[in-house]
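Raw input.pdb, PDB, C-alpha atoms:
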```pdb
ATOM      1  CA  GLN A 202      89.424 111.328 139.725  1.00  0.00           C
ATOM      2  CA  VAL A 203      86.191 112.729 138.351  1.00  0.00           C
ATOM      3  CA  GLN A 204      85.898 112.928 134.586  1.00  0.00           C
ATOM      4  CA  LEU A 205      83.022 114.374 132.595  1.00  0.00           C
ATOM      5  CA  VAL A 206      83.003 114.022 128.814  1.00  0.00           C
ATOM      6  CA  GLU A 207      80.406 115.758 126.666  1.00  0.00           C
ATOM      7  CA  SER A 208      79.257 114.768 123.203  1.00  0.00           C
ATOM      8  CA  GLY A 209      76.476 115.589 120.771  1.00  0.00           C
ATOM      9  CA  GLY A 210      77.100 119.217 119.930  1.00  0.00           C
ATOM     10  CA  GLY A 211      77.010 120.523 116.395  1.00  0.00           C
ATOM     11  CA  SER A 212      75.396 122.950 113.995  1.00  0.00           C
ATOM     12  CA  VAL A 213      71.689 123.068 113.261  1.00  0.00           C
ATOM     13  CA  GLN A 214      69.188 125.472 111.795  1.00  0.00           C
ATOM     14  CA  ALA A 215      66.717 127.327 113.971  1.00  0.00           C
ATOM     15  CA  GLY A 216      63.851 125.072 114.956  1.00  0.00           C
ATOM     16  CA  GLY A 217      66.011 121.983 114.900  1.00  0.00           C
ATOM     17  CA  SER A 218      67.015 119.619 117.705  1.00  0.00           C
ATOM     18  CA  LEU A 219      70.183 118.313 119.297  1.00  0.00           C
ATOM     19  CA  ARG A 220      70.824 115.896 122.123  1.00  0.00           C
ATOM     20  CA  LEU A 221      73.839 116.409 124.323  1.00  0.00           C
ATOM     21  CA  SER A 222      75.207 113.588 126.425  1.00  0.00           C
ATOM     22  CA  CYS A 223      77.655 113.618 129.300  1.00  0.00           C
ATOM     23  CA  ALA A 224      79.477 110.492 130.440  1.00  0.00           C
ATOM     24  CA  ALA A 225      80.641 110.614 134.048  1.00  0.00           C
ATOM     25  CA  SER A 226      83.325 108.521 135.702  1.00  0.00           C
ATOM     26  CA  GLY A 227      84.915 108.664 139.128  1.00  0.00           C
ATOM     27  CA  TYR A 228      81.886 110.515 140.501  1.00  0.00           C
ATOM     28  CA  PRO A 229      79.460 109.108 143.032  1.00  0.00           C
ATOM     29  CA  TYR A 230      76.799 109.125 140.432  1.00  0.00           C
ATOM     30  CA  TYR A 231      74.093 107.591 142.551  1.00  0.00           C
ATOM     31  CA  ARG A 232      73.690 110.836 144.444  1.00  0.00           C
ATOM     32  CA  GLY A 233      74.238 114.520 144.049  1.00  0.00           C
ATOM     33  CA  CYS A 234      73.773 117.159 141.466  1.00  0.00           C
ATOM     34  CA  MET A 235      74.588 117.312 137.783  1.00  0.00           C
ATOM     35  CA  GLY A 236      73.832 119.930 135.232  1.00  0.00           C
ATOM     36  CA  TRP A 237      74.357 121.606 131.912  1.00  0.00           C
ATOM     37  CA  PHE A 238      75.730 125.112 131.625  1.00  0.00           C
ATOM     38  CA  ARG A 239      76.501 127.284 128.628  1.00  0.00           C
ATOM     39  CA  GLN A 240      78.647 130.240 127.805  1.00  0.00           C
ATOM     40  CA  ALA A 241      78.502 132.376 124.704  1.00  0.00           C
ATOM     41  CA  PRO A 242      81.340 134.719 123.720  1.00  0.00           C
ATOM     42  CA  GLY A 243      81.321 137.840 125.854  1.00  0.00           C
ATOM     43  CA  LYS A 244      78.615 136.510 128.150  1.00  0.00           C
ATOM     44  CA  GLU A 245      78.601 135.031 131.625  1.00  0.00           C
ATOM     45  CA  ARG A 246      78.240 131.296 132.102  1.00  0.00           C
ATOM     46  CA  GLU A 247      74.633 130.392 132.893  1.00  0.00           C
ATOM     47  CA  GLY A 248      72.877 127.356 134.262  1.00  0.00           C
ATOM     48  CA  VAL A 249      70.740 125.795 131.545  1.00  0.00           C
ATOM     49  CA  ALA A 250      69.408 122.853 133.534  1.00  0.00           C
ATOM     50  CA  THR A 251      70.274 120.882 136.644  1.00  0.00           C
ATOM     51  CA  ILE A 252      69.088 117.565 138.025  1.00  0.00           C
ATOM     52  CA  TYR A 253      69.309 116.309 141.591  1.00  0.00           C
ATOM     53  CA  SER A 254      69.120 112.608 142.377  1.00  0.00           C
ATOM     54  CA  ALA A 255      67.207 112.284 145.637  1.00  0.00           C
ATOM     55  CA  ASP A 256      66.544 108.572 145.646  1.00  0.00           C
ATOM     56  CA  VAL A 257      66.131 105.712 143.211  1.00  0.00           C
ATOM     57  CA  GLY A 258      63.908 107.090 140.469  1.00  0.00           C
ATOM     58  CA  VAL A 259      63.344 110.383 142.266  1.00  0.00           C
ATOM     59  CA  PHE A 260      64.791 113.474 140.618  1.00  0.00           C
ATOM     60  CA  TYR A 261      64.420 117.204 140.986  1.00  0.00           C
ATOM     61  CA  VAL A 262      65.079 119.365 137.933  1.00  0.00           C
ATOM     62  CA  ALA A 263      65.421 123.072 137.278  1.00  0.00           C
ATOM     63  CA  TYR A 264      65.656 125.050 134.059  1.00  0.00           C
ATOM     64  CA  HIS A 265      66.678 128.480 132.916  1.00  0.00           C
ATOM     65  CA  ASP A 266      63.571 130.434 131.966  1.00  0.00           C
ATOM     66  CA  SER A 267      64.737 130.799 128.371  1.00  0.00           C
ATOM     67  CA  VAL A 268      64.750 127.017 127.776  1.00  0.00           C
ATOM     68  CA  LYS A 269      61.646 125.923 129.677  1.00  0.00           C
ATOM     69  CA  GLY A 270      59.357 123.878 127.466  1.00  0.00           C
ATOM     70  CA  ARG A 271      62.116 123.320 124.892  1.00  0.00           C
ATOM     71  CA  PHE A 272      64.928 121.531 126.751  1.00  0.00           C
ATOM     72  CA  THR A 273      64.739 118.395 128.887  1.00  0.00           C
ATOM     73  CA  ILE A 274      67.447 117.139 131.216  1.00  0.00           C
ATOM     74  CA  SER A 275      67.607 113.493 132.204  1.00  0.00           C
ATOM     75  CA  ARG A 276      70.037 111.103 133.818  1.00  0.00           C
ATOM     76  CA  ASP A 277      70.600 107.373 133.627  1.00  0.00           C
ATOM     77  CA  ASN A 278      72.236 106.103 136.792  1.00  0.00           C
ATOM     78  CA  ALA A 279      72.894 102.697 135.248  1.00  0.00           C
ATOM     79  CA  LYS A 280      74.843 104.224 132.360  1.00  0.00           C
ATOM     80  CA  ASN A 281      76.375 107.089 134.359  1.00  0.00           C
ATOM     81  CA  THR A 282      75.114 109.642 131.866  1.00  0.00           C
ATOM     82  CA  VAL A 283      73.213 112.887 131.956  1.00  0.00           C
ATOM     83  CA  ASP A 284      71.581 114.102 128.761  1.00  0.00           C
ATOM     84  CA  LEU A 285      70.118 117.348 127.518  1.00  0.00           C
ATOM     85  CA  GLN A 286      67.478 117.103 124.813  1.00  0.00           C
ATOM     86  CA  MET A 287      67.215 120.444 123.047  1.00  0.00           C
ATOM     87  CA  ASN A 288      64.246 121.109 120.790  1.00  0.00           C
ATOM     88  CA  SER A 289      63.049 124.204 118.934  1.00  0.00           C
ATOM     89  CA  LEU A 290      66.545 125.592 119.021  1.00  0.00           C
ATOM     90  CA  LYS A 291      67.059 129.312 118.547  1.00  0.00           C
ATOM     91  CA  PRO A 292      70.141 131.249 117.419  1.00  0.00           C
ATOM     92  CA  GLU A 293      70.450 132.635 120.948  1.00  0.00           C
ATOM     93  CA  ASP A 294      71.016 129.084 122.193  1.00  0.00           C
ATOM     94  CA  SER A 295      74.382 129.079 120.428  1.00  0.00           C
ATOM     95  CA  ALA A 296      77.154 128.621 122.983  1.00  0.00           C
ATOM     96  CA  MET A 297      79.701 126.237 124.407  1.00  0.00           C
ATOM     97  CA  TYR A 298      77.793 123.768 126.558  1.00  0.00           C
ATOM     98  CA  TYR A 299      79.422 122.260 129.633  1.00  0.00           C
ATOM     99  CA  CYS A 300      78.479 119.313 131.784  1.00  0.00           C
ATOM    100  CA  ALA A 301      79.108 119.774 135.492  1.00  0.00           C
ATOM    101  CA  ALA A 302      78.763 117.827 138.723  1.00  0.00           C
ATOM    102  CA  ALA A 303      78.784 118.690 142.406  1.00  0.00           C
ATOM    103  CA  ASP A 304      77.996 117.157 145.748  1.00  0.00           C
ATOM    104  CA  LEU A 305      75.202 119.591 146.502  1.00  0.00           C
ATOM    105  CA  GLY A 306      71.934 119.299 148.291  1.00  0.00           C
ATOM    106  CA  ARG A 307      68.672 119.624 146.454  1.00  0.00           C
ATOM    107  CA  ASP A 308      68.079 123.341 147.019  1.00  0.00           C
ATOM    108  CA  ALA A 309      71.612 124.290 146.025  1.00  0.00           C
ATOM    109  CA  CYS A 310      71.374 122.099 142.954  1.00  0.00           C
ATOM    110  CA  VAL A 311      68.175 123.613 141.610  1.00  0.00           C
ATOM    111  CA  SER A 312      69.545 127.126 142.123  1.00  0.00           C
ATOM    112  CA  ARG A 313      71.759 126.476 139.051  1.00  0.00           C
ATOM    113  CA  ARG A 314      74.660 128.589 140.314  1.00  0.00           C
ATOM    114  CA  TRP A 315      77.689 127.635 138.234  1.00  0.00           C
ATOM    115  CA  ALA A 316      80.138 128.743 140.926  1.00  0.00           C
ATOM    116  CA  ALA A 317      78.896 125.945 143.189  1.00  0.00           C
ATOM    117  CA  PHE A 318      79.988 123.206 140.788  1.00  0.00           C
ATOM    118  CA  GLY A 319      83.445 121.751 141.214  1.00  0.00           C
ATOM    119  CA  TYR A 320      83.665 119.249 138.378  1.00  0.00           C
ATOM    120  CA  TRP A 321      83.480 120.282 134.734  1.00  0.00           C
ATOM    121  CA  GLY A 322      83.768 118.763 131.303  1.00  0.00           C
ATOM    122  CA  ARG A 323      85.648 120.456 128.482  1.00  0.00           C
ATOM    123  CA  GLY A 324      82.504 121.481 126.666  1.00  0.00           C
ATOM    124  CA  THR A 325      80.807 120.884 123.344  1.00  0.00           C
ATOM    125  CA  GLN A 326      79.889 123.607 120.863  1.00  0.00           C
ATOM    126  CA  VAL A 327      76.306 124.215 119.803  1.00  0.00           C
ATOM    127  CA  THR A 328      75.669 126.568 116.897  1.00  0.00           C
ATOM    128  CA  VAL A 329      72.177 127.467 115.736  1.00  0.00           C
ATOM    129  CA  SER A 330      71.814 129.395 112.509  1.00  0.00           C
ATOM    130  CA  PHE A 331      68.880 131.355 111.141  1.00  0.00           C
TER     131      PHE A 331
END
```

Spell out the structure here as structure tokens.
Amino acid sequence: QVQLVESGGGSVQAGGSLRLSCAASGYPYYRGCMGWFRQAPGKEREGVATIYSADVGVFYVAYHDSVKGRFTISRDNAKNTVDLQMNSLKPEDSAMYYCAAADLGRDACVSRRWAAFGYWGRGTQVTVSF
């Protein structure tokens, strides 16, 4: 059974940083697609960043336009984790952040469509204040 557990959320002031981590178990971690999604109250879930593992040490990543240059997604196959480093946080980044996984090909993975992901964590809250 696939389990994804997020950690690292919290409250910060605008301009601050947070690092989210997702621990995966029961998932064929050595391949496939993982990502971070977020959903704010009253808004649709959106793909923040995804990462596709093509081969040992070879990854393809994709970001939502609003986080490019501020957020970095990474994965550690040895530790079965995928992290999201978030810098220069803005109030509009406030949302529930979810880790997700799917057995997708590269192109589908970098499209960041949340409906294509079948495995989800419970989420971790990120709140950015002015």

Taking the file above as input, evaluate the PyMOL selection byres ((chain A and resi 219) around 12) and report the hits as number ranges by chain. A: 208-218, 220-222, 271-273, 284-291, 294-295, 298, 325-329

Write a file of the just-selected residues containing C-alpha atoms, as a PDB file, in the coordinates of the input.
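out.pdb, written as the output of this step:
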```pdb
ATOM      1  CA  SER A 208      79.257 114.768 123.203  1.00  0.00           C
ATOM      2  CA  GLY A 209      76.476 115.589 120.771  1.00  0.00           C
ATOM      3  CA  GLY A 210      77.100 119.217 119.930  1.00  0.00           C
ATOM      4  CA  GLY A 211      77.010 120.523 116.395  1.00  0.00           C
ATOM      5  CA  SER A 212      75.396 122.950 113.995  1.00  0.00           C
ATOM      6  CA  VAL A 213      71.689 123.068 113.261  1.00  0.00           C
ATOM      7  CA  GLN A 214      69.188 125.472 111.795  1.00  0.00           C
ATOM      8  CA  ALA A 215      66.717 127.327 113.971  1.00  0.00           C
ATOM      9  CA  GLY A 216      63.851 125.072 114.956  1.00  0.00           C
ATOM     10  CA  GLY A 217      66.011 121.983 114.900  1.00  0.00           C
ATOM     11  CA  SER A 218      67.015 119.619 117.705  1.00  0.00           C
ATOM     12  CA  ARG A 220      70.824 115.896 122.123  1.00  0.00           C
ATOM     13  CA  LEU A 221      73.839 116.409 124.323  1.00  0.00           C
ATOM     14  CA  SER A 222      75.207 113.588 126.425  1.00  0.00           C
ATOM     15  CA  ARG A 271      62.116 123.320 124.892  1.00  0.00           C
ATOM     16  CA  PHE A 272      64.928 121.531 126.751  1.00  0.00           C
ATOM     17  CA  THR A 273      64.739 118.395 128.887  1.00  0.00           C
ATOM     18  CA  ASP A 284      71.581 114.102 128.761  1.00  0.00           C
ATOM     19  CA  LEU A 285      70.118 117.348 127.518  1.00  0.00           C
ATOM     20  CA  GLN A 286      67.478 117.103 124.813  1.00  0.00           C
ATOM     21  CA  MET A 287      67.215 120.444 123.047  1.00  0.00           C
ATOM     22  CA  ASN A 288      64.246 121.109 120.790  1.00  0.00           C
ATOM     23  CA  SER A 289      63.049 124.204 118.934  1.00  0.00           C
ATOM     24  CA  LEU A 290      66.545 125.592 119.021  1.00  0.00           C
ATOM     25  CA  LYS A 291      67.059 129.312 118.547  1.00  0.00           C
ATOM     26  CA  ASP A 294      71.016 129.084 122.193  1.00  0.00           C
ATOM     27  CA  SER A 295      74.382 129.079 120.428  1.00  0.00           C
ATOM     28  CA  TYR A 298      77.793 123.768 126.558  1.00  0.00           C
ATOM     29  CA  THR A 325      80.807 120.884 123.344  1.00  0.00           C
ATOM     30  CA  GLN A 326      79.889 123.607 120.863  1.00  0.00           C
ATOM     31  CA  VAL A 327      76.306 124.215 119.803  1.00  0.00           C
ATOM     32  CA  THR A 328      75.669 126.568 116.897  1.00  0.00           C
ATOM     33  CA  VAL A 329      72.177 127.467 115.736  1.00  0.00           C
TER      34      VAL A 329
END
```

Name all residues at most 10 Å from Ser254 (chain A) (count all atoms listed in the file; drop same-chain ones fewer than 2 positions away) and give them as a VMD selection string. chain A and resid 230 to 235 252 256 to 262 276 278 306 to 307 310

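Nearest residue to Ala225 (chain A), choosing from A:Ala255, A:Ile274, A:Ala302, A:Val249 and counting all atoms listed in the file: A:Ala302.
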
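Separating CA of Ser275 (chain A) from CA of Pro242 (chain A) is a distance of 26.7 Å.
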
On this structure, the PyMOL selection byres ((chain A and resi 223) around 6) would catch which residues? List them as a compact mmCIF listing (two decimals) with C-alpha atoms, in the frame of the given file, sorted by chain and number.
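The resulting file, out.txt, is reproduced below:
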```
# COMPACT_ATOMS: atom_id res chain seq x y z
CA VAL A 206 83.00 114.02 128.81
CA GLU A 207 80.41 115.76 126.67
CA SER A 222 75.21 113.59 126.42
CA ALA A 224 79.48 110.49 130.44
CA THR A 282 75.11 109.64 131.87
CA VAL A 283 73.21 112.89 131.96
```

Nearest residue to Arg323 (chain A) from the set A:Leu205, A:Ala309, A:Ala303, A:Ala241 (distances using only C-alpha atoms):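 Nearest to Arg323 (chain A): A:Leu205.
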
Please write as a ChimeraX atom specification the list of polymer residues whose atoms come within 12 Å of (84.3, 122.6, 140.4), counting all atoms listed in the file and keeping to the coordinates of the file. /A:203-205,234-236,299-305,314-322

Would you kindly return, as a PyMOL selection string, each protein, DNA or RNA residue with an atom no farther than 12 Å from any atom of Lys244 (chain A), considering only C-alpha atoms and excluding same-chain residues fewer than 5 positions away? chain A and resi 239+293+295-297

Kindly give the distance, in Å, that separates CA of His265 (chain A) and CA of Gly227 (chain A), rounded to a single decimal.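 It comes out at 27.6 Å.
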
Counting all atoms listed in the file, the option among A:Arg313, A:Asn281, A:Phe331, A:Gln202 closest to Arg246 (chain A): A:Arg313

Since fewer atoms than expected are present, regenerate N, CA and C atoms for region 233-262 of chain A and write them as an mmCIF file, in the frame of the given file.
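Output saved as selection.cif:
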```
data_model
loop_
_atom_site.group_PDB
_atom_site.id
_atom_site.type_symbol
_atom_site.label_atom_id
_atom_site.label_comp_id
_atom_site.auth_asym_id
_atom_site.auth_seq_id
_atom_site.Cartn_x
_atom_site.Cartn_y
_atom_site.Cartn_z
ATOM 1 N N GLY A 233 73.665 113.232 144.379
ATOM 2 C CA GLY A 233 74.238 114.520 144.049
ATOM 3 C C GLY A 233 73.649 115.183 142.822
ATOM 4 N N CYS A 234 74.274 116.234 142.457
ATOM 5 C CA CYS A 234 73.773 117.159 141.466
ATOM 6 C C CYS A 234 74.610 117.133 140.196
ATOM 7 N N MET A 235 73.919 117.153 139.064
ATOM 8 C CA MET A 235 74.588 117.312 137.783
ATOM 9 C C MET A 235 73.828 118.328 136.964
ATOM 10 N N GLY A 236 74.519 118.911 136.006
ATOM 11 C CA GLY A 236 73.832 119.930 135.232
ATOM 12 C C GLY A 236 74.531 120.267 133.945
ATOM 13 N N TRP A 237 73.838 121.071 133.164
ATOM 14 C CA TRP A 237 74.357 121.606 131.912
ATOM 15 C C TRP A 237 74.394 123.128 132.015
ATOM 16 N N PHE A 238 75.527 123.679 131.628
ATOM 17 C CA PHE A 238 75.730 125.112 131.625
ATOM 18 C C PHE A 238 76.169 125.527 130.229
ATOM 19 N N ARG A 239 76.042 126.803 129.923
ATOM 20 C CA ARG A 239 76.501 127.284 128.628
ATOM 21 C C ARG A 239 77.125 128.661 128.776
ATOM 22 N N GLN A 240 78.008 128.937 127.830
ATOM 23 C CA GLN A 240 78.647 130.240 127.805
ATOM 24 C C GLN A 240 78.885 130.662 126.377
ATOM 25 N N ALA A 241 78.304 131.792 126.026
ATOM 26 C CA ALA A 241 78.502 132.376 124.704
ATOM 27 C C ALA A 241 79.606 133.419 124.792
ATOM 28 N N PRO A 242 80.260 133.727 123.695
ATOM 29 C CA PRO A 242 81.340 134.719 123.720
ATOM 30 C C PRO A 242 80.879 136.046 124.292
ATOM 31 N N GLY A 243 81.638 136.551 125.260
ATOM 32 C CA GLY A 243 81.321 137.840 125.854
ATOM 33 C C GLY A 243 80.217 137.818 126.878
ATOM 34 N N LYS A 244 79.710 136.626 127.174
ATOM 35 C CA LYS A 244 78.615 136.510 128.150
ATOM 36 C C LYS A 244 79.039 135.644 129.331
ATOM 37 N N GLU A 245 78.319 135.816 130.431
ATOM 38 C CA GLU A 245 78.601 135.031 131.625
ATOM 39 C C GLU A 245 78.060 133.617 131.459
ATOM 40 N N ARG A 246 78.729 132.676 132.109
ATOM 41 C CA ARG A 246 78.240 131.296 132.102
ATOM 42 C C ARG A 246 76.892 131.232 132.827
ATOM 43 N N GLU A 247 75.953 130.479 132.274
ATOM 44 C CA GLU A 247 74.633 130.392 132.893
ATOM 45 C C GLU A 247 74.184 128.942 133.014
ATOM 46 N N GLY A 248 73.378 128.704 134.009
ATOM 47 C CA GLY A 248 72.877 127.356 134.262
ATOM 48 C C GLY A 248 71.682 127.045 133.384
ATOM 49 N N VAL A 249 71.821 126.162 132.450
ATOM 50 C CA VAL A 249 70.740 125.795 131.545
ATOM 51 C C VAL A 249 69.750 124.867 132.247
ATOM 52 N N ALA A 250 70.268 123.821 132.857
ATOM 53 C CA ALA A 250 69.408 122.853 133.534
ATOM 54 C C ALA A 250 70.229 122.053 134.528
ATOM 55 N N THR A 251 69.624 121.731 135.654
ATOM 56 C CA THR A 251 70.274 120.882 136.644
ATOM 57 C C THR A 251 69.325 119.789 137.089
ATOM 58 N N ILE A 252 69.899 118.699 137.575
ATOM 59 C CA ILE A 252 69.088 117.565 138.025
ATOM 60 C C ILE A 252 69.703 116.983 139.282
ATOM 61 N N TYR A 253 68.869 116.830 140.305
ATOM 62 C CA TYR A 253 69.309 116.309 141.591
ATOM 63 C C TYR A 253 68.720 114.926 141.788
ATOM 64 N N SER A 254 69.564 113.977 142.136
ATOM 65 C CA SER A 254 69.120 112.608 142.377
ATOM 66 C C SER A 254 68.861 112.430 143.871
ATOM 67 N N ALA A 255 67.575 112.377 144.233
ATOM 68 C CA ALA A 255 67.207 112.284 145.637
ATOM 69 C C ALA A 255 67.154 110.839 146.127
ATOM 70 N N ASP A 256 66.702 109.972 145.277
ATOM 71 C CA ASP A 256 66.544 108.572 145.646
ATOM 72 C C ASP A 256 66.372 107.804 144.339
ATOM 73 N N VAL A 257 66.290 106.516 144.422
ATOM 74 C CA VAL A 257 66.131 105.712 143.211
ATOM 75 C C VAL A 257 64.862 106.155 142.486
ATOM 76 N N GLY A 258 65.032 106.668 141.280
ATOM 77 C CA GLY A 258 63.908 107.090 140.469
ATOM 78 C C GLY A 258 63.292 108.405 140.860
ATOM 79 N N VAL A 259 63.884 109.099 141.813
ATOM 80 C CA VAL A 259 63.344 110.383 142.266
ATOM 81 C C VAL A 259 64.339 111.482 141.910
ATOM 82 N N PHE A 260 63.910 112.404 141.067
ATOM 83 C CA PHE A 260 64.791 113.474 140.618
ATOM 84 C C PHE A 260 64.087 114.821 140.751
ATOM 85 N N TYR A 261 64.904 115.832 141.008
ATOM 86 C CA TYR A 261 64.420 117.204 140.986
ATOM 87 C C TYR A 261 65.176 117.932 139.874
ATOM 88 N N VAL A 262 64.453 118.669 139.054
ATOM 89 C CA VAL A 262 65.079 119.365 137.933
ATOM 90 C C VAL A 262 64.753 120.845 137.986
#
```
